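Encoded as structure tokens, the structure appears first; notes follow it.
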Amino acid sequence: MRNLSAVLAASTMLTGIVLSIGPAAAADIYPLDRATILAGSPFDFKVELDGTHAEGDIAVTVNGKPYAEVFGKPAEFVAEEKGDEDKVLGSALILRDLALAEPGSYSVEVKAGDETKSVTWEVYATGAVPKAKNVIFLIGDGLSVAHRTSARIMSRGMADGKANGRLAMDDLDHMAFIGTSSTHSIATDSANTASAYMTGHKSRVNALGVYADRTPDSLDDPRVETIAEALRRTTNKSIGIVSTAELEDATPAAVVSHTRKRGDKAEIVGMIHGVQPEVVLGGGSAYFLKSDVPGSKRKDDKDYVQLFRDAGYTLASTKAELEAAAGSNTGKLLGLFHTGNMDTWLDRNQLKKGTVDKFPDQPGLVDMTNAALAQLSKNPEGFFLMVEGASVDKMSHPMDWERAVLETIELDHAVAVAREFAAKNPDTLVVVTGDHTHGVSLIGTIDTEKPGDDMREKVAVYDDAGFPDYVDADGDGYPDSVDVKRPLAIFASNFPDYYETWGAKLDGPFVPAIQDGDGNYVANEAYKDVPGAVLRTGNLPRENDTAVHAVDDIVLQAAGPGAEAFKGYMEQSDVYKVLADTFALGTVQK
């Protein structure tokens, strides 16, 4: 966060925030109603008023006391907050870097007339003694129950109604259902979901580490502290980020970032550099490279590759370089293995499709997780590591199910690495979850040898489904091929117009829909002549080119010290409270 001079101890127990605004006016208050705030954690307080007001007409109190007496300083008054084309949006009050050290419920009243709006905040403390030294937080982006079930069957097999083996994530011994909705809609994206995990505050779709306000500037919205900033403020622990996506993408960015717009990728790289996690491994080098370097997407002259070098990082751009760099003693490791998102397990290891020809030596998620743990575990104070299997989601959107399931299997192999580390280091909490779900179901198998050309008639359900015939002859936990005679039958509940091809996409990642001349998405006729292909008329608005996220709860599982706090139904923001308590980040000083 910015400077922390406003860290204050409120002298009384406060019980809610009440905002009164003039007639026909409305207000937004940030943080929002029922926000949970870590004691001592900096955040921005903002009140947005519809209509303009004189500063003297607005009275702000906290439990009947002048708010500046409780908060320690007055907010900045903005008589005319401007929007696009200098349109006046109304007046505002802004107080940056406020922190409340005293736990309890807080109440504020702002009077500018007759009307009143109330919100309530809970400021919570944590125990004084950390429960764990390390936390490994693994996110399968878009991870749904169907992904897990399909991964277990595909990788372990099944006979006589029982799985022939278990996933590593299956045996984590504490479980919770996690609600994923955003502050403005039941449906959500990876930015605000991952941000809720990493800050303890829910936000709006596309937002990271902020409450989304009304101003057009995506970088001036009210900020909340990320877990990386909290660790820097209160501990000497190391921080690691691992992802198969661009490192500026929503989930890895959530560990460090503050922006209303997840697409601010060039700025997010600057935020990563500002926090300087000890380990940063993934794709997205295009936003690290200086603008005159081929492949760069920067529009300025900043060279973040050099800036990270100057900060003492060992750099790696291939799997071989990562193996060499993992043995370095610099304590800082930056791996950039692709200009964009890294290729999937199926393309890297079997089909050599996608962009593997351009980036032939990409490490996998297991390689990166092992390298991160080797580096981070050198810190005697411990570490926080976020590991994302990004392409569970990126392949579920285009309904490329074999790739999505294999990404889930790869994620599970990373979970096995984390569990093996925790077995040797029992002061480690391991958490496995998703950020949101997809509308995906496994309904049976596809009997490709059934006579006839109508592939729909080959979908085998109920007793006809039998068992799939994937083979893992080498015992590596992955099927030797996805081009089998009886594959899994996996379908999405939502889709654009597209051609269902009923099988693995062996020629490269699936592109179900493309834009027509009117800007609408229509079925991609490149798949029209695939034998048995069937045109499916979509159930999504024509502006959607792929399947969308589901609102279903996520399953979270965990093991290790602190894991017992994960139970029942929890909001994603509640998960942060468990992490904060595990690390004792909100200890109240007596």
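By order of appearance in the structure tokens: chains A, B, ..., then residues from 1 within every chain, and ligands from 1 in the order shown.
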Subject >> Shell around stretch 513-518 of chain A at 7 Å using only C-alpha atoms, local window under 2 positions removed, as a ChimeraX atom specification >> reply: /A:496-498,511,520-524,545-546
Write a file of the selected residues as a CSV table (one decimal), in the first residue's frame, keeping N, CA and C atoms.
```csv
chain,number,residue,atom,x,y,z
A,496,PRO,N,-22.0,-20.8,-27.2
A,496,PRO,CA,-22.4,-20.0,-28.4
A,496,PRO,C,-22.8,-21.0,-29.5
A,497,ASP,N,-23.2,-20.5,-30.6
A,497,ASP,CA,-23.3,-21.4,-31.8
A,497,ASP,C,-22.0,-22.1,-32.1
A,498,TYR,N,-21.9,-23.4,-32.2
A,498,TYR,CA,-20.7,-24.1,-32.5
A,498,TYR,C,-20.9,-25.5,-33.1
A,511,VAL,N,-11.4,-23.7,-31.3
A,511,VAL,CA,-12.0,-22.3,-31.4
A,511,VAL,C,-13.4,-22.5,-31.9
A,520,ASN,N,-21.2,-10.3,-34.5
A,520,ASN,CA,-21.7,-11.4,-33.7
A,520,ASN,C,-20.8,-12.7,-33.8
A,521,TYR,N,-20.9,-13.5,-32.8
A,521,TYR,CA,-20.1,-14.8,-32.9
A,521,TYR,C,-21.0,-15.9,-33.5
A,522,VAL,N,-20.5,-16.5,-34.5
A,522,VAL,CA,-21.2,-17.6,-35.2
A,522,VAL,C,-20.3,-18.9,-35.1
A,523,ALA,N,-20.9,-20.0,-35.4
A,523,ALA,CA,-20.1,-21.3,-35.4
A,523,ALA,C,-19.0,-21.2,-36.4
A,524,ASN,N,-17.8,-21.7,-35.9
A,524,ASN,CA,-16.6,-21.8,-36.7
A,524,ASN,C,-16.7,-22.9,-37.7
A,545,ASP,N,-18.2,-15.6,-27.4
A,545,ASP,CA,-17.6,-16.6,-28.3
A,545,ASP,C,-17.2,-17.9,-27.7
A,546,THR,N,-17.4,-18.0,-26.4
A,546,THR,CA,-17.1,-19.3,-25.7
A,546,THR,C,-18.1,-19.5,-24.6
```
**OP:** Can you check which residues of stretch 440-566 of chain A DSSP gives as strand (DSSP E or B) on the backbone and send them as a PyMOL selection string?
**Re:** chain A and resi 440-446+459-460+488-492+498-500+513-515+521-523+534-536+549-550+554-559
Subject >> Contacts of A:Ser243 within 9 Å, only C-alpha atoms, excl. fewer than 6 positions in-chain, as a PyMOL selection string >> reply: chain A and resi 251-252+280-283+342+365+368+386-390
Any chance you could export the current selection's N, CA, C and O atoms as an mmCIF file, in the first residue's frame?
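As a result, result-v6.cif now contains:
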```cif
data_model
loop_
_atom_site.group_PDB
_atom_site.id
_atom_site.type_symbol
_atom_site.label_atom_id
_atom_site.label_comp_id
_atom_site.auth_asym_id
_atom_site.auth_seq_id
_atom_site.Cartn_x
_atom_site.Cartn_y
_atom_site.Cartn_z
ATOM 1 N N THR A 251 -5.467 -14.096 -11.882
ATOM 2 C CA THR A 251 -5.165 -14.821 -10.645
ATOM 3 C C THR A 251 -3.779 -14.519 -10.101
ATOM 4 O O THR A 251 -3.647 -14.163 -8.920
ATOM 5 N N PRO A 252 -2.706 -14.626 -10.884
ATOM 6 C CA PRO A 252 -1.401 -14.240 -10.314
ATOM 7 C C PRO A 252 -1.338 -12.764 -9.943
ATOM 8 O O PRO A 252 -0.723 -12.398 -8.934
ATOM 9 N N VAL A 280 8.803 -15.632 -9.099
ATOM 10 C CA VAL A 280 7.746 -15.265 -10.045
ATOM 11 C C VAL A 280 7.971 -16.102 -11.305
ATOM 12 O O VAL A 280 8.939 -15.884 -12.035
ATOM 13 N N LEU A 281 7.083 -17.064 -11.569
ATOM 14 C CA LEU A 281 7.285 -18.008 -12.672
ATOM 15 C C LEU A 281 6.005 -18.148 -13.486
ATOM 16 O O LEU A 281 4.936 -18.407 -12.926
ATOM 17 N N GLY A 282 6.101 -17.980 -14.814
ATOM 18 C CA GLY A 282 4.940 -18.158 -15.668
ATOM 19 C C GLY A 282 5.158 -17.600 -17.052
ATOM 20 O O GLY A 282 6.289 -17.465 -17.530
ATOM 21 N N GLY A 283 4.065 -17.238 -17.711
ATOM 22 C CA GLY A 283 4.119 -16.630 -19.032
ATOM 23 C C GLY A 283 4.019 -15.119 -18.938
ATOM 24 O O GLY A 283 4.167 -14.527 -17.879
ATOM 25 N N MET A 342 1.102 -19.926 -21.317
ATOM 26 C CA MET A 342 1.875 -21.104 -21.645
ATOM 27 C C MET A 342 0.987 -22.167 -22.289
ATOM 28 O O MET A 342 -0.225 -22.191 -22.079
ATOM 29 N N LEU A 365 3.736 -27.174 -14.841
ATOM 30 C CA LEU A 365 3.364 -26.650 -13.528
ATOM 31 C C LEU A 365 4.130 -27.355 -12.412
ATOM 32 O O LEU A 365 4.503 -26.723 -11.416
ATOM 33 N N MET A 368 7.679 -25.924 -12.246
ATOM 34 C CA MET A 368 7.706 -24.594 -11.645
ATOM 35 C C MET A 368 7.421 -24.652 -10.147
ATOM 36 O O MET A 368 8.032 -23.921 -9.357
ATOM 37 N N MET A 386 1.535 -19.024 -4.075
ATOM 38 C CA MET A 386 0.313 -19.223 -4.842
ATOM 39 C C MET A 386 0.675 -19.916 -6.147
ATOM 40 O O MET A 386 1.530 -19.444 -6.894
ATOM 41 N N VAL A 387 0.027 -21.053 -6.413
ATOM 42 C CA VAL A 387 0.253 -21.831 -7.631
ATOM 43 C C VAL A 387 -1.064 -21.906 -8.393
ATOM 44 O O VAL A 387 -2.074 -22.363 -7.832
ATOM 45 N N GLU A 388 -1.056 -21.475 -9.661
ATOM 46 C CA GLU A 388 -2.280 -21.524 -10.459
ATOM 47 C C GLU A 388 -2.145 -22.454 -11.655
ATOM 48 O O GLU A 388 -1.233 -22.300 -12.476
ATOM 49 N N GLY A 389 -3.084 -23.403 -11.761
ATOM 50 C CA GLY A 389 -3.266 -24.161 -12.990
ATOM 51 C C GLY A 389 -4.277 -23.399 -13.836
ATOM 52 O O GLY A 389 -5.486 -23.594 -13.712
ATOM 53 N N ALA A 390 -3.779 -22.509 -14.701
ATOM 54 C CA ALA A 390 -4.640 -21.519 -15.344
ATOM 55 C C ALA A 390 -5.503 -22.089 -16.455
ATOM 56 O O ALA A 390 -6.621 -21.621 -16.693
#
```
**OP:** Would you list the contacts of A:Tyr211 as a PyMOL selection string, taking every protein, DNA or RNA residue within 10 Å and counting only C-alpha atoms, but skipping same-chain residues closer than 2 positions in sequence?
**Re:** chain A and resi 29-32+43-46+183+192+201-204+207-209+213-214+220-224+258-260
Written selection (N, CA, C and O atoms) as an mmCIF file, in the first residue's frame:
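out-v8.cif was written with the following content:
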```cif
data_model
loop_
_atom_site.group_PDB
_atom_site.id
_atom_site.type_symbol
_atom_site.label_atom_id
_atom_site.label_comp_id
_atom_site.auth_asym_id
_atom_site.auth_seq_id
_atom_site.Cartn_x
_atom_site.Cartn_y
_atom_site.Cartn_z
ATOM 1 N N ILE A 29 -20.533 3.772 -0.458
ATOM 2 C CA ILE A 29 -19.537 3.840 0.602
ATOM 3 C C ILE A 29 -18.583 2.679 0.414
ATOM 4 O O ILE A 29 -19.014 1.541 0.230
ATOM 5 N N TYR A 30 -17.312 2.970 0.437
ATOM 6 C CA TYR A 30 -16.277 1.941 0.312
ATOM 7 C C TYR A 30 -15.363 1.990 1.521
ATOM 8 O O TYR A 30 -14.917 3.073 1.887
ATOM 9 N N PRO A 31 -15.083 0.819 2.123
ATOM 10 C CA PRO A 31 -15.563 -0.521 1.828
ATOM 11 C C PRO A 31 -17.079 -0.650 1.954
ATOM 12 O O PRO A 31 -17.722 0.116 2.656
ATOM 13 N N LEU A 32 -17.627 -1.659 1.253
ATOM 14 C CA LEU A 32 -19.060 -1.862 1.192
ATOM 15 C C LEU A 32 -19.598 -2.485 2.476
ATOM 16 O O LEU A 32 -18.853 -2.878 3.377
ATOM 17 N N PHE A 43 -6.444 0.460 4.155
ATOM 18 C CA PHE A 43 -7.455 0.470 3.101
ATOM 19 C C PHE A 43 -7.868 1.910 2.853
ATOM 20 O O PHE A 43 -7.598 2.807 3.654
ATOM 21 N N ASP A 44 -8.525 2.141 1.720
ATOM 22 C CA ASP A 44 -9.011 3.471 1.374
ATOM 23 C C ASP A 44 -10.497 3.575 1.698
ATOM 24 O O ASP A 44 -11.288 2.706 1.320
ATOM 25 N N PHE A 45 -10.877 4.655 2.367
ATOM 26 C CA PHE A 45 -12.266 4.952 2.690
ATOM 27 C C PHE A 45 -12.766 6.003 1.699
ATOM 28 O O PHE A 45 -12.117 7.025 1.485
ATOM 29 N N LYS A 46 -13.911 5.729 1.086
ATOM 30 C CA LYS A 46 -14.463 6.687 0.131
ATOM 31 C C LYS A 46 -15.979 6.736 0.239
ATOM 32 O O LYS A 46 -16.631 5.703 0.390
ATOM 33 N N THR A 183 -19.460 -8.280 -6.095
ATOM 34 C CA THR A 183 -20.237 -7.282 -5.366
ATOM 35 C C THR A 183 -21.421 -6.752 -6.164
ATOM 36 O O THR A 183 -22.345 -6.176 -5.597
ATOM 37 N N ASN A 192 -11.895 -10.673 -9.616
ATOM 38 C CA ASN A 192 -12.419 -10.379 -8.276
ATOM 39 C C ASN A 192 -12.504 -11.606 -7.399
ATOM 40 O O ASN A 192 -12.462 -11.493 -6.179
ATOM 41 N N HIS A 201 -11.510 -8.997 0.683
ATOM 42 C CA HIS A 201 -12.573 -8.092 0.269
ATOM 43 C C HIS A 201 -13.136 -8.555 -1.067
ATOM 44 O O HIS A 201 -12.377 -8.796 -2.008
ATOM 45 N N LYS A 202 -14.442 -8.660 -1.161
ATOM 46 C CA LYS A 202 -15.051 -8.918 -2.462
ATOM 47 C C LYS A 202 -15.053 -7.630 -3.284
ATOM 48 O O LYS A 202 -15.028 -6.530 -2.738
ATOM 49 N N SER A 203 -15.098 -7.805 -4.592
ATOM 50 C CA SER A 203 -15.118 -6.641 -5.462
ATOM 51 C C SER A 203 -15.935 -6.947 -6.706
ATOM 52 O O SER A 203 -16.658 -7.941 -6.760
ATOM 53 N N ARG A 204 -15.804 -6.080 -7.693
ATOM 54 C CA ARG A 204 -16.603 -6.177 -8.909
ATOM 55 C C ARG A 204 -15.833 -6.958 -9.982
ATOM 56 O O ARG A 204 -14.604 -7.058 -9.933
ATOM 57 N N ALA A 207 -12.020 -6.418 -11.281
ATOM 58 C CA ALA A 207 -11.268 -5.600 -10.316
ATOM 59 C C ALA A 207 -10.285 -6.450 -9.518
ATOM 60 O O ALA A 207 -10.554 -7.604 -9.175
ATOM 61 N N LEU A 208 -9.151 -5.846 -9.181
ATOM 62 C CA LEU A 208 -8.087 -6.502 -8.416
ATOM 63 C C LEU A 208 -7.634 -5.576 -7.293
ATOM 64 O O LEU A 208 -7.112 -4.487 -7.538
ATOM 65 N N GLY A 209 -7.831 -5.992 -6.049
ATOM 66 C CA GLY A 209 -7.298 -5.243 -4.916
ATOM 67 C C GLY A 209 -7.891 -3.864 -4.729
ATOM 68 O O GLY A 209 -7.280 -3.015 -4.081
ATOM 69 N N ASP A 213 -14.897 1.984 -8.118
ATOM 70 C CA ASP A 213 -15.665 3.212 -7.952
ATOM 71 C C ASP A 213 -16.146 3.733 -9.301
ATOM 72 O O ASP A 213 -16.032 3.068 -10.331
ATOM 73 N N ARG A 214 -16.671 4.963 -9.319
ATOM 74 C CA ARG A 214 -17.330 5.488 -10.516
ATOM 75 C C ARG A 214 -16.409 6.264 -11.439
ATOM 76 O O ARG A 214 -16.798 6.627 -12.542
ATOM 77 N N ASP A 220 -7.221 4.583 -9.742
ATOM 78 C CA ASP A 220 -7.416 5.467 -8.577
ATOM 79 C C ASP A 220 -8.521 4.977 -7.652
ATOM 80 O O ASP A 220 -8.914 5.666 -6.719
ATOM 81 N N ASP A 221 -9.032 3.760 -7.872
ATOM 82 C CA ASP A 221 -10.135 3.245 -7.069
ATOM 83 C C ASP A 221 -9.675 2.936 -5.645
ATOM 84 O O ASP A 221 -8.475 2.726 -5.393
ATOM 85 N N PRO A 222 -10.603 2.901 -4.683
ATOM 86 C CA PRO A 222 -10.230 2.650 -3.283
ATOM 87 C C PRO A 222 -9.534 1.301 -3.109
ATOM 88 O O PRO A 222 -10.101 0.253 -3.427
ATOM 89 N N ARG A 223 -8.341 1.345 -2.573
ATOM 90 C CA ARG A 223 -7.513 0.143 -2.466
ATOM 91 C C ARG A 223 -7.731 -0.593 -1.152
ATOM 92 O O ARG A 223 -8.122 -0.015 -0.139
ATOM 93 N N VAL A 224 -7.444 -1.896 -1.207
ATOM 94 C CA VAL A 224 -7.347 -2.716 -0.008
ATOM 95 C C VAL A 224 -6.018 -3.460 -0.067
ATOM 96 O O VAL A 224 -5.438 -3.643 -1.130
ATOM 97 N N HIS A 258 -3.499 -3.656 -7.722
ATOM 98 C CA HIS A 258 -4.584 -2.733 -7.430
ATOM 99 C C HIS A 258 -5.010 -2.051 -8.728
ATOM 100 O O HIS A 258 -4.364 -1.111 -9.199
ATOM 101 N N THR A 259 -6.104 -2.510 -9.310
ATOM 102 C CA THR A 259 -6.633 -1.868 -10.498
ATOM 103 C C THR A 259 -8.080 -2.290 -10.701
ATOM 104 O O THR A 259 -8.458 -3.416 -10.369
ATOM 105 N N ARG A 260 -8.863 -1.377 -11.228
ATOM 106 C CA ARG A 260 -10.254 -1.680 -11.568
ATOM 107 C C ARG A 260 -10.329 -2.515 -12.840
ATOM 108 O O ARG A 260 -11.339 -3.150 -13.112
#
```
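For the set A:Ala212, A:Ala423, A:Leu322, A:Ala191, the residue with the smallest atom-to-atom gap to A:Val256 is A:Ala191, counting only C-alpha atoms.
Nearest to A:Ala159 of all the residues A:Phe288, A:Phe467, A:Tyr576, A:Phe308 is A:Phe467, based on only C-alpha atoms.
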Original post:
Rounded to one decimal in Å, what is the spacing between atom CA of A:Ile239 and atom CA of A:Leu373?
Top reply: 10.4 Å
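The coordinates place atom CA of A:Ile268 at 5.9 Å from atom CA of A:Glu248.
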Subject >> Spatial neighbours of A:Arg298, max dist 7 Å, only C-alpha atoms, sep filter under 5 positions, as number ranges by chain >> reply: A: 266, 287, 290-291
**OP:** For stretch 133-145 of chain A, please output as a count of residues only all residues within 8 Å (counting only C-alpha atoms; exclusion window: fewer than 4 positions along the same chain).
**Re:** 39
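Remark: for A:Phe510, the closest of the candidate residues A:Gln572, A:Ser105, A:Pro398, A:Arg34 is A:Pro398 (distances computed over only C-alpha atoms).
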Residues of stretch 121-225 of chain A that have any atom at most 12 Å from an atom of stretch 489-492 of chain A: could you tabulate them with the shortest-distance atom pair and the distance in Å to one decimal, using only C-alpha atoms, ordered by chain and increasing number, as JSON lines?
```
{"residue": "A:Ser144", "atom": "CA", "partner": "A:Ala492", "partner_atom": "CA", "distance": 11.7}
{"residue": "A:Ala146", "atom": "CA", "partner": "A:Ile490", "partner_atom": "CA", "distance": 8.4}
{"residue": "A:His147", "atom": "CA", "partner": "A:Ile490", "partner_atom": "CA", "distance": 9.4}
{"residue": "A:Thr149", "atom": "CA", "partner": "A:Ile490", "partner_atom": "CA", "distance": 10.9}
{"residue": "A:Ser150", "atom": "CA", "partner": "A:Ile490", "partner_atom": "CA", "distance": 8.5}
{"residue": "A:Ala151", "atom": "CA", "partner": "A:Ile490", "partner_atom": "CA", "distance": 11.7}
{"residue": "A:Ile153", "atom": "CA", "partner": "A:Ala489", "partner_atom": "CA", "distance": 12.0}
{"residue": "A:Met154", "atom": "CA", "partner": "A:Ala489", "partner_atom": "CA", "distance": 11.7}
```
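Nearest to A:Ala99 of all the residues A:Ala68, A:Ile241, A:Ala75, A:Ile37 is A:Ile37, based on only C-alpha atoms.
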